[in-house]
$ cat model.pdb   # PDB, C-alpha atoms
ATOM      1  CA  MET A 242      -3.170  18.412  33.406
ATOM      2  CA  SER A 243       0.427  18.207  32.193
ATOM      3  CA  ALA A 244       1.453  16.972  28.750
ATOM      4  CA  ASP A 245       2.603  13.686  30.298
ATOM      5  CA  GLU A 246      -0.848  13.164  31.802
ATOM      6  CA  THR A 247      -2.740  13.771  28.578
ATOM      7  CA  VAL A 248      -5.282  11.067  27.837
ATOM      8  CA  VAL A 249      -4.089   8.833  25.015
ATOM      9  CA  CYS A 250      -7.369   8.372  23.182
ATOM     10  CA  SER A 251     -10.962   9.453  23.360
ATOM     11  CA  THR A 252     -13.989   9.439  21.104
ATOM     12  CA  LEU A 253     -16.915  11.668  20.232
ATOM     13  CA  GLY A 254     -19.020   8.584  19.526
ATOM     14  CA  MET A 255     -22.137   8.177  21.635
ATOM     15  CA  PHE A 256     -23.211   5.671  24.246
ATOM     16  CA  ILE A 257     -26.405   3.908  23.102
ATOM     17  CA  MET A 258     -28.649   1.238  24.595
ATOM     18  CA  ASP A 259     -29.554  -1.157  21.797
ATOM     19  CA  ILE A 260     -32.342  -3.604  21.120
ATOM     20  CA  PHE A 261     -31.239  -6.407  18.800
ATOM     21  CA  ASP A 262     -34.285  -7.213  16.664
ATOM     22  CA  PHE A 263     -34.201 -10.480  14.686
ATOM     23  CA  GLY A 264     -37.744 -10.251  13.338
ATOM     24  CA  SER A 265     -39.614 -13.545  13.434
ATOM     25  CA  ASP A 266     -36.406 -15.589  13.518
ATOM     26  CA  ARG A 267     -35.836 -15.335  17.271
ATOM     27  CA  PRO A 268     -36.805 -13.196  20.276
ATOM     28  CA  PRO A 269     -35.227  -9.742  20.509
ATOM     29  CA  ILE A 270     -32.327  -9.032  22.860
ATOM     30  CA  PRO A 271     -33.081  -5.814  24.773
ATOM     31  CA  ASP A 272     -30.836  -3.419  26.661
ATOM     32  CA  GLN A 273     -27.517  -4.219  25.019
ATOM     33  CA  ILE A 274     -24.806  -1.649  25.608
ATOM     34  CA  GLY A 275     -23.752  -0.213  22.268
ATOM     35  CA  GLY A 276     -22.824   2.854  20.291
ATOM     36  CA  GLY A 277     -19.765   3.312  18.102
ATOM     37  CA  GLY A 278     -17.929   5.297  20.754
ATOM     38  CA  THR A 279     -18.519   2.599  23.363
ATOM     39  CA  TYR A 280     -16.939  -0.055  21.156
ATOM     40  CA  VAL A 281     -13.992   2.252  20.453
ATOM     41  CA  ASN A 282     -13.438   2.886  24.155
ATOM     42  CA  VAL A 283     -13.687  -0.770  25.195
ATOM     43  CA  ALA A 284     -11.347  -1.808  22.372
ATOM     44  CA  ALA A 285      -8.727   0.711  23.481
ATOM     45  CA  ARG A 286      -9.190  -0.509  27.063
ATOM     46  CA  MET A 287      -7.895  -3.927  25.970
ATOM     47  CA  TRP A 288      -4.443  -2.326  25.676
ATOM     48  CA  LEU A 289      -4.431   0.760  27.892
ATOM     49  CA  GLU A 290      -5.076   1.546  31.536
ATOM     50  CA  PRO A 291      -8.416   3.226  32.335
ATOM     51  CA  ALA A 292      -6.725   6.536  33.130
ATOM     52  CA  GLN A 293      -5.294   6.652  29.594
ATOM     53  CA  LEU A 294      -8.629   6.763  27.770
ATOM     54  CA  GLY A 295     -12.253   7.635  28.082
ATOM     55  CA  MET A 296     -15.561   8.795  26.641
ATOM     56  CA  ILE A 297     -18.616  10.669  27.818
ATOM     57  CA  VAL A 298     -21.675   8.620  28.767
ATOM     58  CA  ASP A 299     -24.976  10.495  29.013
ATOM     59  CA  ARG A 300     -27.201   8.779  31.588
ATOM     60  CA  GLY A 301     -30.947   9.374  31.458
ATOM     61  CA  SER A 302     -33.768   8.805  33.915
ATOM     62  CA  ASP A 303     -34.022   5.137  32.894
ATOM     63  CA  TRP A 304     -30.438   4.291  33.912
ATOM     64  CA  ARG A 305     -30.046   0.935  35.647
ATOM     65  CA  GLU A 306     -27.550  -0.461  38.129
ATOM     66  CA  ASP A 307     -26.776  -3.557  36.042
ATOM     67  CA  ILE A 308     -25.708  -1.327  33.158
ATOM     68  CA  GLN A 309     -23.534   0.668  35.537
ATOM     69  CA  ARG A 310     -21.916  -2.517  36.855
ATOM     70  CA  GLN A 311     -21.053  -3.659  33.350
ATOM     71  CA  LEU A 312     -19.381  -0.356  32.525
ATOM     72  CA  ASP A 313     -17.583  -0.339  35.861
ATOM     73  CA  SER A 314     -16.095  -3.744  35.045
ATOM     74  CA  TYR A 315     -13.820  -2.032  32.510
ATOM     75  CA  GLY A 316     -12.523   0.403  35.100
ATOM     76  CA  PRO A 317     -12.944   4.192  35.400
ATOM     77  CA  CYS A 318     -12.642   4.936  31.702
ATOM     78  CA  TRP A 319     -15.944   6.831  31.496
ATOM     79  CA  VAL A 320     -17.076  10.370  32.161
ATOM     80  CA  PHE A 321     -20.720  10.310  33.253
ATOM     81  CA  ARG A 322     -23.252  13.092  32.750
ATOM     82  CA  ASP A 323     -26.745  12.805  34.222
ATOM     83  CA  ASP A 324     -29.974  14.316  32.931
ATOM     84  CA  ALA A 325     -33.175  13.111  34.591
ATOM     85  CA  ARG A 326     -35.249  15.084  32.065
ATOM     86  CA  ARG A 327     -34.508  12.629  29.259
ATOM     87  CA  LEU A 328     -34.054   8.940  28.534
ATOM     88  CA  THR A 329     -30.709   7.372  27.813
ATOM     89  CA  THR A 330     -30.172   7.306  24.033
ATOM     90  CA  ARG A 331     -31.748   4.123  22.649
ATOM     91  CA  ALA A 332     -31.798   2.480  19.227
ATOM     92  CA  ARG A 333     -32.994  -0.661  17.431
ATOM     93  CA  ALA A 334     -30.534  -2.772  15.461
ATOM     94  CA  THR A 335     -32.332  -5.108  13.062
ATOM     95  CA  TYR A 336     -30.933  -8.333  11.627
ATOM     96  CA  LYS A 337     -32.526  -9.917   8.566
ATOM     97  CA  GLY A 338     -30.145 -12.428   7.054
ATOM     98  CA  GLU A 339     -27.072 -10.491   5.949
ATOM     99  CA  THR A 340     -28.993  -7.192   5.998
ATOM    100  CA  ARG A 341     -28.649  -4.951   9.029
ATOM    101  CA  GLY A 342     -30.642  -1.859   9.910
ATOM    102  CA  PHE A 343     -30.430   0.815  12.586
ATOM    103  CA  GLU A 344     -32.854   3.420  13.911
ATOM    104  CA  TYR A 345     -32.893   5.715  16.932
ATOM    105  CA  LEU A 346     -35.788   5.236  19.341
ATOM    106  CA  THR A 347     -35.076   8.358  21.437
ATOM    107  CA  PRO A 348     -33.481  11.723  20.689
ATOM    108  CA  LYS A 349     -29.684  11.482  20.592
ATOM    109  CA  VAL A 350     -27.222  13.741  22.394
ATOM    110  CA  ARG A 351     -24.427  14.599  19.985
ATOM    111  CA  LEU A 352     -20.955  15.165  21.436
ATOM    112  CA  SER A 353     -18.484  17.859  20.373
ATOM    113  CA  PRO A 354     -14.917  18.751  21.394
ATOM    114  CA  PRO A 355     -16.152  21.453  23.818
ATOM    115  CA  ASP A 356     -17.910  18.682  25.764
ATOM    116  CA  LEU A 357     -14.500  17.099  26.383
ATOM    117  CA  ALA A 358     -12.780  20.391  27.165
ATOM    118  CA  SER A 359     -13.947  20.604  30.797
ATOM    119  CA  THR A 360     -13.097  16.953  31.572
ATOM    120  CA  LYS A 361      -9.982  14.800  31.872
ATOM    121  CA  LEU A 362     -10.500  14.030  28.160
ATOM    122  CA  ALA A 363      -9.443  17.491  26.967
ATOM    123  CA  ALA A 364      -6.931  17.486  24.087
ATOM    124  CA  PRO A 365      -6.356  13.710  23.872
ATOM    125  CA  LYS A 366      -3.393  12.451  21.862
ATOM    126  CA  TYR A 367      -5.833  10.687  19.493
ATOM    127  CA  LEU A 368      -9.469  11.627  18.956
ATOM    128  CA  HIS A 369     -11.920   9.375  17.128
ATOM    129  CA  PHE A 370     -15.121  10.677  15.591
ATOM    130  CA  VAL A 371     -17.774   9.110  13.390
ATOM    131  CA  CYS A 372     -20.056  11.443  11.464
ATOM    132  CA  SER A 373     -20.686  13.010   8.061
ATOM    133  CA  PRO A 374     -17.934  15.032   6.379
ATOM    134  CA  THR A 375     -20.029  18.163   6.883
ATOM    135  CA  ARG A 376     -20.207  17.488  10.616
ATOM    136  CA  ALA A 377     -16.480  16.629  10.632
ATOM    137  CA  LEU A 378     -15.721  20.160   9.416
ATOM    138  CA  GLU A 379     -17.529  21.544  12.461
ATOM    139  CA  ILE A 380     -15.545  19.258  14.766
ATOM    140  CA  ILE A 381     -12.258  20.358  13.212
ATOM    141  CA  LYS A 382     -13.217  24.013  13.680
ATOM    142  CA  ASP A 383     -13.980  23.306  17.341
ATOM    143  CA  ILE A 384     -10.557  21.676  17.719
ATOM    144  CA  ASP A 385      -8.874  24.722  16.209
ATOM    145  CA  ASP A 386     -10.872  27.085  18.421
ATOM    146  CA  LEU A 387      -9.858  25.087  21.518
ATOM    147  CA  GLY A 388      -6.188  25.227  20.570
ATOM    148  CA  TRP A 389      -5.819  21.450  20.184
ATOM    149  CA  THR A 390      -4.644  21.557  16.564
ATOM    150  CA  ASP A 391      -1.019  20.606  17.222
ATOM    151  CA  ARG A 392      -1.790  18.323  20.172
ATOM    152  CA  THR A 393      -4.530  15.986  18.974
ATOM    153  CA  LYS A 394      -4.316  13.552  16.057
ATOM    154  CA  LEU A 395      -7.623  12.948  14.305
ATOM    155  CA  VAL A 396      -8.997   9.513  13.469
ATOM    156  CA  TYR A 397     -12.072   9.885  11.290
ATOM    157  CA  GLU A 398     -14.641   7.215  10.502
ATOM    158  CA  PRO A 399     -17.394   8.402   8.126
ATOM    159  CA  ILE A 400     -20.999   7.522   8.923
ATOM    160  CA  PRO A 401     -22.400   5.016   6.389
ATOM    161  CA  ASP A 402     -25.571   6.833   5.318
ATOM    162  CA  LEU A 403     -23.656   9.981   4.369
ATOM    163  CA  CYS A 404     -20.793   8.442   2.414
ATOM    164  CA  VAL A 405     -22.304   9.886  -0.743
ATOM    165  CA  PRO A 406     -21.025  12.009  -3.654
ATOM    166  CA  SER A 407     -22.846  15.101  -2.359
ATOM    167  CA  GLU A 408     -20.590  15.032   0.722
ATOM    168  CA  MET A 409     -17.432  14.967  -1.381
ATOM    169  CA  PRO A 410     -16.823  18.765  -1.287
ATOM    170  CA  ALA A 411     -16.812  18.650   2.522
ATOM    171  CA  LEU A 412     -14.653  15.508   2.540
ATOM    172  CA  LYS A 413     -12.031  17.257   0.398
ATOM    173  CA  GLN A 414     -11.735  19.907   3.114
ATOM    174  CA  VAL A 415     -11.623  17.353   5.926
ATOM    175  CA  ILE A 416      -9.061  14.820   4.787
ATOM    176  CA  PRO A 417      -5.981  17.091   4.692
ATOM    177  CA  ARG A 418      -6.408  17.505   8.468
ATOM    178  CA  LEU A 419      -6.620  13.812   9.322
ATOM    179  CA  HIS A 420      -4.066  11.506  10.850
ATOM    180  CA  ILE A 421      -6.128   8.445   9.906
ATOM    181  CA  PHE A 422      -9.019   8.262   7.435
ATOM    182  CA  SER A 423     -10.809   4.929   7.733
ATOM    183  CA  PRO A 424     -14.012   4.096   5.876
ATOM    184  CA  ASN A 425     -15.003   0.491   5.354
ATOM    185  CA  HIS A 426     -14.952  -0.876   1.820
ATOM    186  CA  GLU A 427     -18.632  -0.148   1.162
ATOM    187  CA  GLU A 428     -18.369   3.419   2.465
ATOM    188  CA  ALA A 429     -15.242   4.035   0.421
ATOM    189  CA  GLY A 430     -17.072   2.998  -2.732
ATOM    190  CA  THR A 431     -20.287   4.948  -2.177
ATOM    191  CA  PHE A 432     -18.377   8.231  -1.800
ATOM    192  CA  PHE A 433     -17.626   7.796  -5.510
ATOM    193  CA  GLY A 434     -21.071   6.389  -6.349
ATOM    194  CA  GLU A 435     -19.706   2.847  -6.668
ATOM    195  CA  ALA A 436     -21.024  -0.283  -4.970
ATOM    196  CA  ILE A 437     -18.671  -2.908  -3.570
ATOM    197  CA  GLU A 438     -20.546  -6.016  -2.501
ATOM    198  CA  GLU A 439     -20.028  -7.489   0.944
ATOM    199  CA  GLN A 440     -19.167 -10.953  -0.295
ATOM    200  CA  GLU A 441     -15.675 -11.578  -1.566
ATOM    201  CA  SER A 442     -15.262 -11.616  -5.319
ATOM    202  CA  GLU A 443     -12.361 -11.726  -7.715
ATOM    203  CA  GLY A 444     -10.943  -8.264  -8.218
ATOM    204  CA  LYS A 445     -12.466  -6.800  -5.054
ATOM    205  CA  PRO A 446      -9.112  -6.278  -3.276
ATOM    206  CA  GLN A 447      -7.748  -4.454  -6.320
ATOM    207  CA  LYS A 448     -10.764  -2.146  -6.339
ATOM    208  CA  ILE A 449     -10.270  -1.324  -2.679
ATOM    209  CA  GLU A 450      -6.622  -0.540  -3.341
ATOM    210  CA  GLU A 451      -7.641   1.825  -6.128
ATOM    211  CA  LEU A 452     -10.111   3.585  -3.821
ATOM    212  CA  ALA A 453      -7.410   4.181  -1.207
ATOM    213  CA  GLN A 454      -5.260   5.888  -3.829
ATOM    214  CA  ARG A 455      -8.205   8.039  -4.893
ATOM    215  CA  PHE A 456      -8.589   9.351  -1.343
ATOM    216  CA  LEU A 457      -4.875  10.143  -1.225
ATOM    217  CA  ASP A 458      -5.246  11.959  -4.534
ATOM    218  CA  LEU A 459      -8.021  14.062  -2.980
ATOM    219  CA  GLY A 460      -5.542  15.520  -0.502
ATOM    220  CA  LEU A 461      -5.154  12.950   2.280
ATOM    221  CA  ARG A 462      -1.661  13.677   3.550
ATOM    222  CA  ARG A 463      -1.116  10.778   5.911
ATOM    223  CA  THR A 464      -2.836   7.403   6.172
ATOM    224  CA  CYS A 465      -5.832   5.730   4.565
ATOM    225  CA  ILE A 466      -7.043   2.471   6.106
ATOM    226  CA  ILE A 467      -9.985   0.818   4.374
ATOM    227  CA  ARG A 468     -11.558  -1.753   6.686
ATOM    228  CA  SER A 469     -12.775  -4.691   4.627
ATOM    229  CA  GLY A 470     -14.373  -7.342   6.830
ATOM    230  CA  ARG A 471     -12.850 -10.776   6.581
ATOM    231  CA  LEU A 472     -10.347  -9.515   4.008
ATOM    232  CA  GLY A 473      -8.781  -7.410   6.750
ATOM    233  CA  ALA A 474      -7.658  -3.816   6.293
ATOM    234  CA  TYR A 475      -5.830  -2.155   3.426
ATOM    235  CA  VAL A 476      -3.240   0.412   4.524
ATOM    236  CA  LYS A 477      -1.732   3.030   2.240
ATOM    237  CA  GLN A 478       0.146   6.207   3.103
ATOM    238  CA  ALA A 479       0.895   9.368   1.186
ATOM    239  CA  ASP A 480       4.324   9.387  -0.463
ATOM    240  CA  SER A 481       5.532  12.318   1.631
ATOM    241  CA  TYR A 482       4.509  10.624   4.893
ATOM    242  CA  ALA A 483       5.028   6.906   4.200
ATOM    243  CA  GLN A 484       6.818   5.071   6.990
ATOM    244  CA  SER A 485       8.212   2.466   4.599
ATOM    245  CA  GLU A 486       8.117   1.363   1.003
ATOM    246  CA  THR A 487       5.467  -1.143   2.090
ATOM    247  CA  THR A 488       3.068   1.525   3.338
ATOM    248  CA  ARG A 489       3.810   3.773   0.366
ATOM    249  CA  ARG A 490       2.852   0.991  -2.067
ATOM    250  CA  GLY A 491      -0.012  -0.149   0.144
ATOM    251  CA  THR A 492      -0.456  -3.443   1.963
ATOM    252  CA  TRP A 493      -3.069  -5.695   3.511
ATOM    253  CA  ILE A 494      -3.284  -6.572   7.204
ATOM    254  CA  PRO A 495      -5.490  -9.662   7.601
ATOM    255  CA  ALA A 496      -8.382 -10.049   9.998
ATOM    256  CA  TYR A 497      -7.694 -12.206  13.056
ATOM    257  CA  TYR A 498     -10.680 -14.358  12.071
ATOM    258  CA  GLN A 499     -11.101 -14.832   8.336
ATOM    259  CA  ASN A 500     -13.388 -17.829   7.961
ATOM    260  CA  SER A 501     -14.361 -19.042  11.402
ATOM    261  CA  ASP A 502     -17.387 -20.382  13.242
ATOM    262  CA  LYS A 503     -16.350 -18.134  16.141
ATOM    263  CA  VAL A 504     -17.783 -15.113  14.323
ATOM    264  CA  VAL A 505     -21.220 -14.436  15.831
ATOM    265  CA  ASP A 506     -21.956 -10.750  15.154
ATOM    266  CA  VAL A 507     -19.818  -8.118  13.438
ATOM    267  CA  THR A 508     -21.629  -5.144  15.012
ATOM    268  CA  GLY A 509     -19.004  -2.767  16.362
ATOM    269  CA  ALA A 510     -16.097  -4.554  14.693
ATOM    270  CA  GLY A 511     -15.026  -1.539  12.662
ATOM    271  CA  ASN A 512     -15.299   0.823  15.632
ATOM    272  CA  SER A 513     -13.292  -1.630  17.723
ATOM    273  CA  PHE A 514     -10.598  -1.866  15.077
ATOM    274  CA  LEU A 515     -10.083   1.884  15.360
ATOM    275  CA  GLY A 516     -10.036   1.795  19.167
ATOM    276  CA  GLY A 517      -7.345  -0.864  19.087
ATOM    277  CA  LEU A 518      -5.534   1.011  16.314
ATOM    278  CA  MET A 519      -5.276   4.212  18.360
ATOM    279  CA  ALA A 520      -3.886   2.299  21.330
ATOM    280  CA  GLY A 521      -1.453   0.547  19.010
ATOM    281  CA  LEU A 522      -0.265   3.807  17.455
ATOM    282  CA  PHE A 523       0.586   5.052  20.930
ATOM    283  CA  LEU A 524       2.228   1.851  22.163
ATOM    284  CA  GLU A 525       4.133   1.185  18.926
ATOM    285  CA  LYS A 526       5.333   4.764  18.430
ATOM    286  CA  GLU A 527       3.212   5.411  15.345
ATOM    287  CA  ASP A 528       4.081   2.176  13.500
ATOM    288  CA  VAL A 529       0.811   1.903  11.601
ATOM    289  CA  LEU A 530       1.228  -1.708  10.491
ATOM    290  CA  GLN A 531       1.868  -2.887  14.030
ATOM    291  CA  ALA A 532      -1.037  -0.719  15.211
ATOM    292  CA  CYS A 533      -3.347  -2.436  12.723
ATOM    293  CA  LEU A 534      -2.567  -5.749  14.428
ATOM    294  CA  TYR A 535      -3.891  -4.261  17.672
ATOM    295  CA  GLY A 536      -7.027  -3.248  15.787
ATOM    296  CA  SER A 537      -7.500  -6.724  14.327
ATOM    297  CA  VAL A 538      -7.155  -8.334  17.751
ATOM    298  CA  SER A 539      -9.613  -5.902  19.348
ATOM    299  CA  SER A 540     -12.163  -6.667  16.635
ATOM    300  CA  SER A 541     -11.722 -10.409  17.169
ATOM    301  CA  TYR A 542     -13.059 -10.197  20.726
ATOM    302  CA  VAL A 543     -16.012  -8.052  19.661
ATOM    303  CA  ILE A 544     -17.322 -10.413  16.971
ATOM    304  CA  GLU A 545     -17.338 -13.503  19.193
ATOM    305  CA  GLN A 546     -20.759 -12.631  20.706
ATOM    306  CA  TYR A 547     -23.628 -10.194  20.581
ATOM    307  CA  GLY A 548     -22.751  -7.038  22.467
ATOM    308  CA  LEU A 549     -19.571  -5.976  24.176
ATOM    309  CA  PRO A 550     -16.793  -8.389  25.146
ATOM    310  CA  GLY A 551     -16.087  -8.805  28.842
ATOM    311  CA  ILE A 552     -12.910  -8.675  30.901
ATOM    312  CA  ASP A 553     -12.185 -10.835  33.959
ATOM    313  CA  SER A 554      -9.959 -10.322  36.982
ATOM    314  CA  GLU A 555      -7.039 -12.013  35.220
ATOM    315  CA  GLY A 556      -7.130  -9.614  32.285
ATOM    316  CA  CYS A 557      -8.626 -12.207  29.923
ATOM    317  CA  TRP A 558     -11.385 -11.157  27.556
ATOM    318  CA  ASN A 559     -14.481 -13.258  26.876
ATOM    319  CA  SER A 560     -13.059 -15.723  29.423
ATOM    320  CA  THR A 561     -10.592 -16.944  26.794
ATOM    321  CA  ASP A 562      -7.188 -15.282  26.614
ATOM    322  CA  LYS A 563      -5.350 -11.982  26.813
ATOM    323  CA  PRO A 564      -5.070  -9.555  23.887
ATOM    324  CA  THR A 565      -1.274  -9.717  24.080
ATOM    325  CA  GLU A 566      -1.453 -13.459  23.356
ATOM    326  CA  ARG A 567      -3.518 -12.939  20.217
ATOM    327  CA  LEU A 568      -1.224 -10.086  19.192
ATOM    328  CA  GLN A 569       1.787 -12.361  19.429
ATOM    329  CA  ALA A 570      -0.061 -15.050  17.462
ATOM    330  CA  MET A 571      -0.711 -12.551  14.663
ATOM    331  CA  ARG A 572       2.883 -11.377  14.658
ATOM    332  CA  THR A 573       4.060 -14.970  14.406
ATOM    333  CA  ARG A 574       1.591 -15.724  11.621
ATOM    334  CA  LEU A 575       2.711 -12.684   9.631
ATOM    335  CA  ALA A 576       6.384 -12.772  10.670
ATOM    336  CA  MET A 577       6.109  -9.162  11.862
TER     337      MET A 577
END
$ encode --input "model.pdb" --output "structure tokens"
Amino acid sequence: MSADETVVCSTLGMFIMDIFDFGSDRPPIPDQIGGGGTYVNVAARMWLEPAQLGMIVDRGSDWREDIQRQLDSYGPCWVFRDDARRLTTRARATYKGETRGFEYLTPKVRLSPPDLASTKLAAPKYLHFVCSPTRALEIIKDIDDLGWTDRTKLVYEPIPDLCVPSEMPALKQVIPRLHIFSPNHEEAGTFFGEAIEEQESEGKPQKIEELAQRFLDLGLRRTCIIRSGRLGAYVKQADSYAQSETTRRGTWIPAYYQNSDKVVDVTGAGNSFLGGLMAGLFLEKEDVLQACLYGSVSSSYVIEQYGLPGIDSEGCWNSTDKPTERLQAMRTRLAM
């Protein structure tokens, strides 16, 4: 594969079949396509052609044709691996009021850069991964061993349960290698042993801004983006890398939906932001603020329903409109 044919973005996130469990409030919703990598890939697909992106999907003995048809509706942006000796990775997502839980129901198959190396996804321009800092160090070593160091830009999303002070030594080794470091506001706080509540409160944006600077002070050489729900995303770049005075000082990019009855479920919203962001970085020649608008639009389609958004033959998502229309609406709103 030539340099011009290199895949734009890929992910090491897994494909998972989810059960949405609402307890006694309502019946569960089984067999929902999920997994952080899946949301990343679908979000990038909103902007890119199938040949420009992809992820590995491990299919087990319980694979079904209706699941295959849904994935096929997005085009050939998947690399399938079959193993009849195991089940497809499954998990339960629980919803109790504002509290959400997650547990695996089957053994998971973890992906690494060598898994991509023998596929069309080798050495993508942008690679997303979601894991602990300790695991991220292993992924970075694999990238170096494969010779992708100068070819692949790393977009790292830490896994919530391991955004803890004990992982800080590993994080300090990881962040100098990253193109984008993007925790959400809660994850950013718990790395430093601090809790930031989900609900908006006076002073919360300032705290998030302070956390972004703390990550830069730890050795992050490029861009920190703290995803913050309906507040949007806070973007700050290292002085030596800043694309403008705005990104050097730090700035907020709002969510497409801030207070709206169209928001049904935020599962996958953060993953989708990063999928849209990677596509935007490519299409907007690394303009991170413009790329964040792509991320906000991608997230907007994801949170309008439970599960993945759908695409129709006209290129509209969720049978509503095209991502380019929402992108233009955001640019008009923000005069960007």
$ resolve_selection --input "model.pdb" --expression "the PyMOL selection byres ((chain A and resi 506) around 8)" --output "list in words"
Val504, Val505, Val507, Thr508, Val543, Ile544, Glu545, Gln546 and Tyr547 of chain A
$ write_last_selection --input "model.pdb" --atoms "C-alpha atoms" --output "short mmCIF file (atom, residue, chain, number, x, y, z; two decimals), keeping the file's coordinate frame"
data_model
loop_
_atom_site.label_atom_id
_atom_site.label_comp_id
_atom_site.auth_asym_id
_atom_site.auth_seq_id
_atom_site.Cartn_x
_atom_site.Cartn_y
_atom_site.Cartn_z
CA VAL A 504 -17.78 -15.11 14.32
CA VAL A 505 -21.22 -14.44 15.83
CA VAL A 507 -19.82 -8.12 13.44
CA THR A 508 -21.63 -5.14 15.01
CA VAL A 543 -16.01 -8.05 19.66
CA ILE A 544 -17.32 -10.41 16.97
CA GLU A 545 -17.34 -13.50 19.19
CA GLN A 546 -20.76 -12.63 20.71
CA TYR A 547 -23.63 -10.19 20.58
#
$ resolve_selection --input "model.pdb" --expression "the PyMOL selection byres ((chain A and resi 465) around 7)" --output "ChimeraX atom specification"
/A:421-423,453,464,466-467,476-478
$ closest_residue --input "model.pdb" --among "A:Pro355, A:Pro401, A:Gly491, A:Gly316" --to "A:Trp389" --atoms "only C-alpha atoms"
A:Pro355
$ closest_residue --input "model.pdb" --among "A:Gly516, A:Pro268, A:Pro365, A:Gly278" --to "A:Arg351" --atoms "only C-alpha atoms"
A:Gly278
$ closest_residue --input "model.pdb" --among "A:Ala570, A:Met409, A:Leu403, A:Val538" --to "A:Trp558" --atoms "only C-alpha atoms"
A:Val538
